[in-house]
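Everything below concerns the one structure shown next.
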Amino acid sequence: MTDKPLTQNIIGFAGHTDFDRYESRGGYAAVRKTVGRTDPDAVLELLKEANLRGRGGAGFPTGMKWSFVPKKEGNGHRYLVANADEMEPGTFKDRLLMEKDPHQLIEGMILSAYTISADVGYIFIRGEYHVAIARLQEAINAAAASGLLGEHILGSAFSFQLHVHVSAGRYICGEETALLNSLEGKRAIPRAKPPFPQVSGLWGRPTIVNNVETLCNVTHIVAHGADWFKSLGLGVDGGTKLFGASGRVARPGCWELPMGTPIREILEEHAGGMAEGYQLKGFLPGGASTDFLTPDHLDIPMEYETVQQAGSRMGTGTMIILDDRSCAVGMIANLAKFFARESCGFCTPCREGLPWVQEVLDRIEAGNGEPDDLDVLERQAQFIGAIGNTHCAHAPGAMEPLTSGLRYFRDEFITHIEGKACPYQREV
Amino acid sequence: MSNIATDNAVDFLTAQEVTEIESEISHLPNRPSAAIDALKIVQSYRGWISDESLNAIAEMLGMSVAELDGIATFYNLIYRQPVGDKVILYCDSVSCWLMDGDVVCEKIKQKLGVDYGGTTADNKYTLLPVTCLGDCDHAPAMMVGDELHHDLTTDNIEGLLS
């Protein structure tokens with residue numbers, strides 16, 4: 001049995017989208033042995049036992065999330081949505097899974113829909129992913145032609161229609177309730193919770209939204225069992241994870257590795273260490289909305305609890321590397337600009353606070369900072385970052401790199417303000 | 001622009017556009033749910049969403065023009081102004097910035113003679129910033145029309161945008 005289930009059809013095979021080839025390599029066997037044969041509640045118990053946690057960033061236990069879906073009553077729709085709106089800066093893993101092995105996601109969605117009794121599914125994908133959109137649509141057509149999607153799948157009572165929804169943009173669509181509003185044709189504004197989507201989601205019906213990588217894992221857990229899945233992880237959490245590194249490393253890339261792989265191993269063995277002439281100054285472990293870590297944290301295993309204990313979050317698991325020749329203030333200003341632009345504008349601390357933070361950071365970076373600016377930033381970070389002041393986690397997430405940046409790179413901020421200039425000369 | 005769609009505004013749309021929008025509506029619980037799909041369909045034929053297009057779609061879906069404009073202006077891939085033959089979506093997120101993506105972008109701006117939001121004099125390109133394109137191991141990256149280009153340098157963009 002493979003120890004790299006998510007990329008077994010990708011690495012070394014250059015990936016494939018062909019239905020027959022996917023099936024010849026064991027594809028859709030999990031659907032054939034489950035749909036109409038296994039009690040959906042037994043599949044849910046299996047997922048809980050495996051302790052699969054969401055791969056989109058928050059790490060919420062998938063089985064628990066699904067268990068909040070009420071028992072099926074009547075004939076109203078129940079929805080399953082794949083969150084394929086990959087837009088977290090520095091994250092490039094779901095595109096790989098969808099472009100290179102689209103059937104894996106579709107199989108995971110059929111099994112997930114069967115478990116929660118969903119009859120309609122959507123793959124909510126960002127509009128820029130043209131290749132993935134075409135391959136997913138082709139794969140859906142092939143699966144439907146083989147009786148794996150549509151009415152009475154494999155002759156069972158279970159029916160599941162799967163659609164690709166191509167988004168019209170905006171980062172906030174990745175927030176699951178904003179995504180649902182967007183699927184309903186509205187502005188992508190996150191909803192206040194409760195009610196949670198499991199109870200009242202798309203068009204007020206029970207809905208589960210999961211990340212692409214999470215849904216891909218379901219296929220393999222159903223195929224090989226919970227014990228096998230748990231044995232793949234090196235620490236507390238089971239399974240593998242697509243880890244990545246971007247920035248000035250020797251070999252930027254994305255690799256499927258055991259959950260709990262030490263950060264040092266990912267950066268030194270897989271990414272080949274830093275690029276020649278560059279030193280590691282810090283890194284964001286899992287996307288733009290995670291706190292900075294430093295070279296002191298290299299021996300931490302990449303899994304949810306350990307990274308959290310170090311003061312950050314594993315997030316999407318794709319690391320963004322800050323090198324010694326790049327300006328920490330400039331990097332944080334770039335992140336602030338992104339968060340300010342992508343705020344949906346509904347909650348005041350986010351709409352008004354993020355542009356203020358961006359303005360102060362831009363001023364410092366341009367050499368016009370004042371000594372009071374650090375106090376302003378810290379005060380803002382405290383208010384904007386407080387959980388509960390906003391409907392969603394956009395604003396608190398935006399404050400994670402700022403708060404940690406002020407802690408680890410405070411001397412750089414002071415150098416900018418006292419020297420009235422950015423000390424980093426970039427080669428043009 | 002009036003806030004209320006005028007009668008027969010829908011006549012502005014082609015039969016093909018109406019057919020495609022109705023097809024989207026057919027599998028949705030109500031007509032306004034097709035708003036984003038309808039905007040994308042009309043934009044695919046016309047390149048952008050004019051006030052006339054907005055009026056027509058609003059009437060077709062039974063929405064106020066203001067509500068539909070609120071949706072149209074929310075999404076960065078819906079254009080409420082004319083754009084060039086190809087839209088350049090240039091990634092200005094952090095991984096590309098760390099790989100000097102902002103330096104490359106300055107070169108593109110100089111070469112095309114436009115800033116973000118601008119369209120070249122020959123109407124060939126419109127330059128817009130975009131959030132992370134998910135190609136960070138080959139940063140800097142940009143889309144030109146439907147095509148992704150990566151590992152950009154101040155040198156290789158010359159050939160890409162000639």
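By order of appearance in the structure tokens: chains A, B, ..., then residues from 1 within every chain, and ligands from 1 in the order shown.
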
>> Counting only C-alpha atoms, a student should be able to say which residues of chain A come within 9 Å of chain B; what is the right answer, written as a PyMOL selection string?
In response: chain A and resi 86-95+127-130+165-171+182-188+203+244-248+251-254+288+320-323+326+331-332+334-335+337-338+342+344+426-428

>> For the structure I just gave you, how does DSSP split region 19-154 of chain B - specifically, which residues are strand (DSSP E)? Reply as a PyMOL selection string.
In response: chain B and resi 86-91+125-130+142-144+147-149

Let me see the file: selected residues, C-alpha atoms, as an mmCIF file, in the first residue's frame.
data_model
loop_
_atom_site.group_PDB
_atom_site.id
_atom_site.type_symbol
_atom_site.label_atom_id
_atom_site.label_comp_id
_atom_site.auth_asym_id
_atom_site.auth_seq_id
_atom_site.Cartn_x
_atom_site.Cartn_y
_atom_site.Cartn_z
ATOM 1 C CA LYS B 86 -6.535 40.279 -23.311
ATOM 2 C CA VAL B 87 -6.562 40.987 -19.592
ATOM 3 C CA ILE B 88 -3.237 40.558 -17.830
ATOM 4 C CA LEU B 89 -3.838 39.364 -14.264
ATOM 5 C CA TYR B 90 -0.539 40.058 -12.561
ATOM 6 C CA CYS B 91 0.026 38.331 -9.203
ATOM 7 C CA TYR B 125 -3.969 44.535 -23.077
ATOM 8 C CA THR B 126 -5.558 45.638 -19.805
ATOM 9 C CA LEU B 127 -3.299 45.278 -16.757
ATOM 10 C CA LEU B 128 -4.855 44.275 -13.423
ATOM 11 C CA PRO B 129 -3.431 42.979 -10.138
ATOM 12 C CA VAL B 130 -4.675 39.615 -8.882
ATOM 13 C CA MET B 142 0.721 36.142 -14.322
ATOM 14 C CA MET B 143 -2.219 35.221 -16.538
ATOM 15 C CA VAL B 144 -2.400 36.672 -20.040
ATOM 16 C CA GLU B 147 -2.793 31.383 -20.253
ATOM 17 C CA LEU B 148 -0.587 31.139 -17.201
ATOM 18 C CA HIS B 149 3.004 32.398 -17.518
#

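Considering the residues A:Trp255, A:Tyr114, A:Phe339, A:Phe346 and counting only C-alpha atoms, Phe158 (chain A) has its shortest atom-to-atom contact with A:Tyr114.
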
> At what distance in Å, to one decimal, does CA of Leu293 (chain A) lie from CA of Arg363 (chain A)?
Replying inline: 24.8 Å

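Neighbours of region 405-421 of chain A closer than or equal to 9 Å, with only C-alpha atoms counted and sequence neighbours fewer than 5 positions away skipped, come out as Gly282, Asp291, Phe292, Leu293, Thr294, Cys327, Ala328, Val329, Ile332, Ile364, Glu365, Ala366, Gly367, Asn368, Gly369, Glu370, Pro371, Asp373, Leu374, Leu377, Glu378 and Glu400 of chain A.
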
I need the residues from that last selection saved to file as an mmCIF file, in the first residue's frame (with C-alpha atoms), if you can.
data_model
loop_
_atom_site.group_PDB
_atom_site.id
_atom_site.type_symbol
_atom_site.label_atom_id
_atom_site.label_comp_id
_atom_site.auth_asym_id
_atom_site.auth_seq_id
_atom_site.Cartn_x
_atom_site.Cartn_y
_atom_site.Cartn_z
ATOM 1 C CA GLY A 282 11.725 33.667 9.000
ATOM 2 C CA ASP A 291 2.078 33.903 12.260
ATOM 3 C CA PHE A 292 5.772 34.130 11.418
ATOM 4 C CA LEU A 293 8.128 31.498 12.769
ATOM 5 C CA THR A 294 11.925 31.778 12.785
ATOM 6 C CA CYS A 327 12.673 43.379 3.955
ATOM 7 C CA ALA A 328 10.376 42.092 6.701
ATOM 8 C CA VAL A 329 8.485 45.405 6.786
ATOM 9 C CA ILE A 332 4.259 42.578 5.941
ATOM 10 C CA ILE A 364 7.212 53.114 7.449
ATOM 11 C CA GLU A 365 8.489 51.192 4.412
ATOM 12 C CA ALA A 366 8.796 54.446 2.441
ATOM 13 C CA GLY A 367 10.918 56.004 5.193
ATOM 14 C CA ASN A 368 8.215 58.290 6.538
ATOM 15 C CA GLY A 369 7.444 56.356 9.696
ATOM 16 C CA GLU A 370 7.131 57.988 13.094
ATOM 17 C CA PRO A 371 8.054 56.562 16.509
ATOM 18 C CA ASP A 373 3.569 54.141 14.508
ATOM 19 C CA LEU A 374 4.572 50.945 16.259
ATOM 20 C CA LEU A 377 0.097 49.056 14.761
ATOM 21 C CA GLU A 378 0.037 47.140 18.018
ATOM 22 C CA GLU A 400 -1.246 37.148 12.499
#

>> I want to know what sits within 9 Å of Gly225 (chain A), based on only C-alpha atoms, with residues of the same chain fewer than 3 positions away left out; could you give that as an MDAnalysis selection string?
In response: chainID A and resid 46:47 50 220:222 228:230

In region 33-146 of chain B, what's helix (DSSP H, G or I) per DSSP? Answer as an mmCIF file with N, CA and C atoms, in the first residue's frame?
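The resulting file, part-v1.cif, is reproduced below:
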data_model
loop_
_atom_site.group_PDB
_atom_site.id
_atom_site.type_symbol
_atom_site.label_atom_id
_atom_site.label_comp_id
_atom_site.auth_asym_id
_atom_site.auth_seq_id
_atom_site.Cartn_x
_atom_site.Cartn_y
_atom_site.Cartn_z
ATOM 1 N N SER B 33 -30.572 33.893 -8.277
ATOM 2 C CA SER B 33 -29.398 33.058 -7.988
ATOM 3 C C SER B 33 -28.477 32.919 -9.202
ATOM 4 N N ALA B 34 -29.003 33.218 -10.385
ATOM 5 C CA ALA B 34 -28.192 33.105 -11.600
ATOM 6 C C ALA B 34 -27.412 34.391 -11.892
ATOM 7 N N ALA B 35 -27.426 35.356 -10.963
ATOM 8 C CA ALA B 35 -26.846 36.675 -11.249
ATOM 9 C C ALA B 35 -25.393 36.603 -11.735
ATOM 10 N N ILE B 36 -24.565 35.887 -10.992
ATOM 11 C CA ILE B 36 -23.138 35.854 -11.353
ATOM 12 C C ILE B 36 -22.942 35.103 -12.668
ATOM 13 N N ASP B 37 -23.664 33.990 -12.827
ATOM 14 C CA ASP B 37 -23.565 33.236 -14.085
ATOM 15 C C ASP B 37 -23.988 34.103 -15.263
ATOM 16 N N ALA B 38 -25.079 34.856 -15.084
ATOM 17 C CA ALA B 38 -25.582 35.697 -16.170
ATOM 18 C C ALA B 38 -24.566 36.778 -16.546
ATOM 19 N N LEU B 39 -23.956 37.375 -15.529
ATOM 20 C CA LEU B 39 -22.933 38.404 -15.795
ATOM 21 C C LEU B 39 -21.757 37.796 -16.567
ATOM 22 N N LYS B 40 -21.368 36.582 -16.167
ATOM 23 C CA LYS B 40 -20.238 35.930 -16.862
ATOM 24 C C LYS B 40 -20.595 35.585 -18.306
ATOM 25 N N ILE B 41 -21.832 35.133 -18.521
ATOM 26 C CA ILE B 41 -22.253 34.764 -19.887
ATOM 27 C C ILE B 41 -22.214 35.992 -20.797
ATOM 28 N N VAL B 42 -22.807 37.079 -20.338
ATOM 29 C CA VAL B 42 -22.846 38.282 -21.183
ATOM 30 C C VAL B 42 -21.429 38.826 -21.396
ATOM 31 N N GLN B 43 -20.638 38.797 -20.348
ATOM 32 C CA GLN B 43 -19.259 39.284 -20.480
ATOM 33 C C GLN B 43 -18.447 38.427 -21.459
ATOM 34 N N SER B 44 -18.764 37.126 -21.517
ATOM 35 C CA SER B 44 -17.999 36.256 -22.415
ATOM 36 C C SER B 44 -18.207 36.645 -23.874
ATOM 37 N N TYR B 45 -19.358 37.245 -24.181
ATOM 38 C CA TYR B 45 -19.621 37.679 -25.562
ATOM 39 C C TYR B 45 -19.193 39.116 -25.819
ATOM 40 N N ARG B 46 -19.282 39.955 -24.784
ATOM 41 C CA ARG B 46 -19.097 41.392 -25.004
ATOM 42 C C ARG B 46 -17.828 41.953 -24.379
ATOM 43 N N ASP B 51 -23.779 49.434 -18.876
ATOM 44 C CA ASP B 51 -25.024 49.747 -18.177
ATOM 45 C C ASP B 51 -26.218 49.079 -18.861
ATOM 46 N N GLU B 52 -26.182 49.038 -20.204
ATOM 47 C CA GLU B 52 -27.283 48.406 -20.943
ATOM 48 C C GLU B 52 -27.367 46.909 -20.628
ATOM 49 N N SER B 53 -26.179 46.263 -20.560
ATOM 50 C CA SER B 53 -26.161 44.832 -20.223
ATOM 51 C C SER B 53 -26.708 44.626 -18.816
ATOM 52 N N LEU B 54 -26.289 45.507 -17.905
ATOM 53 C CA LEU B 54 -26.710 45.394 -16.506
ATOM 54 C C LEU B 54 -28.236 45.519 -16.389
ATOM 55 N N ASN B 55 -28.793 46.530 -17.081
ATOM 56 C CA ASN B 55 -30.245 46.730 -17.086
ATOM 57 C C ASN B 55 -30.965 45.493 -17.596
ATOM 58 N N ALA B 56 -30.444 44.959 -18.682
ATOM 59 C CA ALA B 56 -31.101 43.820 -19.324
ATOM 60 C C ALA B 56 -31.088 42.596 -18.412
ATOM 61 N N ILE B 57 -29.928 42.331 -17.801
ATOM 62 C CA ILE B 57 -29.825 41.149 -16.933
ATOM 63 C C ILE B 57 -30.722 41.325 -15.709
ATOM 64 N N ALA B 58 -30.732 42.543 -15.151
ATOM 65 C CA ALA B 58 -31.558 42.797 -13.971
ATOM 66 C C ALA B 58 -33.026 42.535 -14.276
ATOM 67 N N GLU B 59 -33.464 43.011 -15.440
ATOM 68 C CA GLU B 59 -34.871 42.777 -15.800
ATOM 69 C C GLU B 59 -35.142 41.290 -15.982
ATOM 70 N N MET B 60 -34.203 40.619 -16.630
ATOM 71 C CA MET B 60 -34.394 39.190 -16.895
ATOM 72 C C MET B 60 -34.488 38.382 -15.594
ATOM 73 N N LEU B 61 -33.716 38.798 -14.580
ATOM 74 C CA LEU B 61 -33.669 38.023 -13.339
ATOM 75 C C LEU B 61 -34.643 38.540 -12.287
ATOM 76 N N VAL B 65 -31.594 47.014 -10.505
ATOM 77 C CA VAL B 65 -30.305 47.257 -11.156
ATOM 78 C C VAL B 65 -29.230 47.505 -10.098
ATOM 79 N N ALA B 66 -29.611 48.217 -9.028
ATOM 80 C CA ALA B 66 -28.641 48.539 -7.974
ATOM 81 C C ALA B 66 -28.107 47.266 -7.314
ATOM 82 N N GLU B 67 -29.012 46.325 -7.050
ATOM 83 C CA GLU B 67 -28.564 45.091 -6.401
ATOM 84 C C GLU B 67 -27.617 44.325 -7.317
ATOM 85 N N LEU B 68 -27.961 44.262 -8.602
ATOM 86 C CA LEU B 68 -27.101 43.536 -9.539
ATOM 87 C C LEU B 68 -25.758 44.239 -9.698
ATOM 88 N N ASP B 69 -25.776 45.586 -9.687
ATOM 89 C CA ASP B 69 -24.510 46.325 -9.807
ATOM 90 C C ASP B 69 -23.647 46.082 -8.564
ATOM 91 N N GLY B 70 -24.297 45.935 -7.403
ATOM 92 C CA GLY B 70 -23.563 45.607 -6.177
ATOM 93 C C GLY B 70 -22.822 44.284 -6.318
ATOM 94 N N ILE B 71 -23.442 43.353 -7.014
ATOM 95 C CA ILE B 71 -22.807 42.054 -7.250
ATOM 96 C C ILE B 71 -21.708 42.192 -8.309
ATOM 97 N N ALA B 72 -22.037 42.877 -9.404
ATOM 98 C CA ALA B 72 -21.083 43.008 -10.512
ATOM 99 C C ALA B 72 -19.789 43.686 -10.063
ATOM 100 N N VAL B 94 2.363 37.706 -1.960
ATOM 101 C CA VAL B 94 3.630 37.733 -1.226
ATOM 102 C C VAL B 94 4.737 36.862 -1.827
ATOM 103 N N SER B 95 4.402 35.651 -2.306
ATOM 104 C CA SER B 95 5.466 34.789 -2.829
ATOM 105 C C SER B 95 6.095 35.386 -4.089
ATOM 106 N N CYS B 96 5.255 35.987 -4.923
ATOM 107 C CA CYS B 96 5.787 36.636 -6.122
ATOM 108 C C CYS B 96 6.589 37.889 -5.741
ATOM 109 N N TRP B 97 6.122 38.608 -4.732
ATOM 110 C CA TRP B 97 6.849 39.802 -4.274
ATOM 111 C C TRP B 97 8.252 39.414 -3.803
ATOM 112 N N LEU B 98 8.341 38.295 -3.066
ATOM 113 C CA LEU B 98 9.641 37.845 -2.552
ATOM 114 C C LEU B 98 10.594 37.463 -3.686
ATOM 115 N N GLY B 101 8.681 40.027 -7.998
ATOM 116 C CA GLY B 101 7.551 40.208 -8.903
ATOM 117 C C GLY B 101 7.181 41.668 -9.111
ATOM 118 N N ASP B 102 7.394 42.499 -8.084
ATOM 119 C CA ASP B 102 7.061 43.924 -8.225
ATOM 120 C C ASP B 102 8.028 44.624 -9.171
ATOM 121 N N VAL B 103 9.281 44.151 -9.196
ATOM 122 C CA VAL B 103 10.272 44.722 -10.115
ATOM 123 C C VAL B 103 9.892 44.395 -11.561
ATOM 124 N N VAL B 104 9.502 43.120 -11.776
ATOM 125 C CA VAL B 104 9.091 42.693 -13.122
ATOM 126 C C VAL B 104 7.852 43.479 -13.556
ATOM 127 N N CYS B 105 6.927 43.702 -12.610
ATOM 128 C CA CYS B 105 5.693 44.405 -12.959
ATOM 129 C C CYS B 105 5.973 45.849 -13.382
ATOM 130 N N GLU B 106 6.940 46.493 -12.703
ATOM 131 C CA GLU B 106 7.299 47.860 -13.102
ATOM 132 C C GLU B 106 7.745 47.881 -14.557
ATOM 133 N N LYS B 107 8.498 46.851 -14.933
ATOM 134 C CA LYS B 107 8.978 46.749 -16.315
ATOM 135 C C LYS B 107 7.802 46.592 -17.284
ATOM 136 N N ILE B 108 6.822 45.771 -16.882
ATOM 137 C CA ILE B 108 5.644 45.569 -17.732
ATOM 138 C C ILE B 108 4.884 46.885 -17.886
ATOM 139 N N LYS B 109 4.733 47.610 -16.779
ATOM 140 C CA LYS B 109 4.025 48.894 -16.831
ATOM 141 C C LYS B 109 4.719 49.863 -17.775
ATOM 142 N N GLN B 110 6.064 49.885 -17.693
ATOM 143 C CA GLN B 110 6.837 50.762 -18.591
ATOM 144 C C GLN B 110 6.653 50.354 -20.037
ATOM 145 N N LYS B 111 6.756 49.041 -20.258
ATOM 146 C CA LYS B 111 6.694 48.525 -21.631
ATOM 147 C C LYS B 111 5.329 48.810 -22.262
ATOM 148 N N LEU B 112 4.263 48.582 -21.477
ATOM 149 C CA LEU B 112 2.911 48.771 -22.016
ATOM 150 C C LEU B 112 2.444 50.216 -21.925
ATOM 151 N N CYS B 136 3.179 29.375 -6.907
ATOM 152 C CA CYS B 136 4.232 30.032 -6.135
ATOM 153 C C CYS B 136 5.599 29.382 -6.274
ATOM 154 N N ASP B 137 5.649 28.096 -6.673
ATOM 155 C CA ASP B 137 6.959 27.458 -6.871
ATOM 156 C C ASP B 137 7.580 27.909 -8.184
ATOM 157 N N HIS B 138 6.828 28.669 -8.983
ATOM 158 C CA HIS B 138 7.375 29.243 -10.216
ATOM 159 C C HIS B 138 7.154 30.755 -10.245
#

Contacts of Pro70 (chain A) at 12 Å or less, counting only C-alpha atoms, minus same-chain residues fewer than 2 places along, as a tab-separated table (two decimals) with C-alpha atoms, in the first residue's frame?
chain	number	residue	atom	x	y	z
A	65	LYS	CA	-18.18	18.52	11.04
A	66	TRP	CA	-20.24	15.98	9.13
A	67	SER	CA	-21.92	14.65	12.27
A	68	PHE	CA	-23.69	18.04	12.70
A	72	LYS	CA	-32.36	13.20	6.28
A	73	GLU	CA	-36.05	14.06	6.38
A	74	GLY	CA	-38.27	14.67	3.37
A	78	ARG	CA	-28.76	18.48	0.77
A	116	ILE	CA	-24.09	12.80	4.49
A	117	SER	CA	-26.93	11.91	2.06
A	118	ALA	CA	-26.24	14.89	-0.21
A	196	PHE	CA	-23.97	26.71	10.77
A	197	PRO	CA	-24.02	25.52	7.15
A	198	GLN	CA	-24.46	21.90	8.26
A	199	VAL	CA	-27.96	22.86	9.40
A	200	SER	CA	-28.78	25.85	7.19
A	205	ARG	CA	-30.52	23.56	3.28
A	206	PRO	CA	-28.01	21.29	5.09
A	207	THR	CA	-24.62	21.80	3.46
A	208	ILE	CA	-21.08	20.58	3.99

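Between CA of Phe160 (chain A) and CA of Leu148 (chain A) lies a distance of 8.7 Å.
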
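Of the residues under consideration (B:Ala121, B:Met63, B:Ala15, B:Ile157), B:Ala121 shows the shortest atom-to-atom contact distance to Val83 (chain B) when counting only C-alpha atoms.
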
>> as number ranges by chain, please: the residues near Thr7 (chain A) (cut-off 9 Å, only C-alpha atoms, same-chain neighbours under 3 positions excluded).
In response: A: 4, 10-11, 15, 97, 100-101, 242, 255-256

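Taking CA of Asp39 (chain A) as the reference point, CA of Lys71 (chain A) is found at 13.4 Å.
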
>> Residues near region 108-111 of chain A, anyone? I mean within 7 Å using only C-alpha atoms, not counting same-chain ones fewer than 5 positions away, as number ranges by chain.
In response: A: 31, 215-216, 218-219
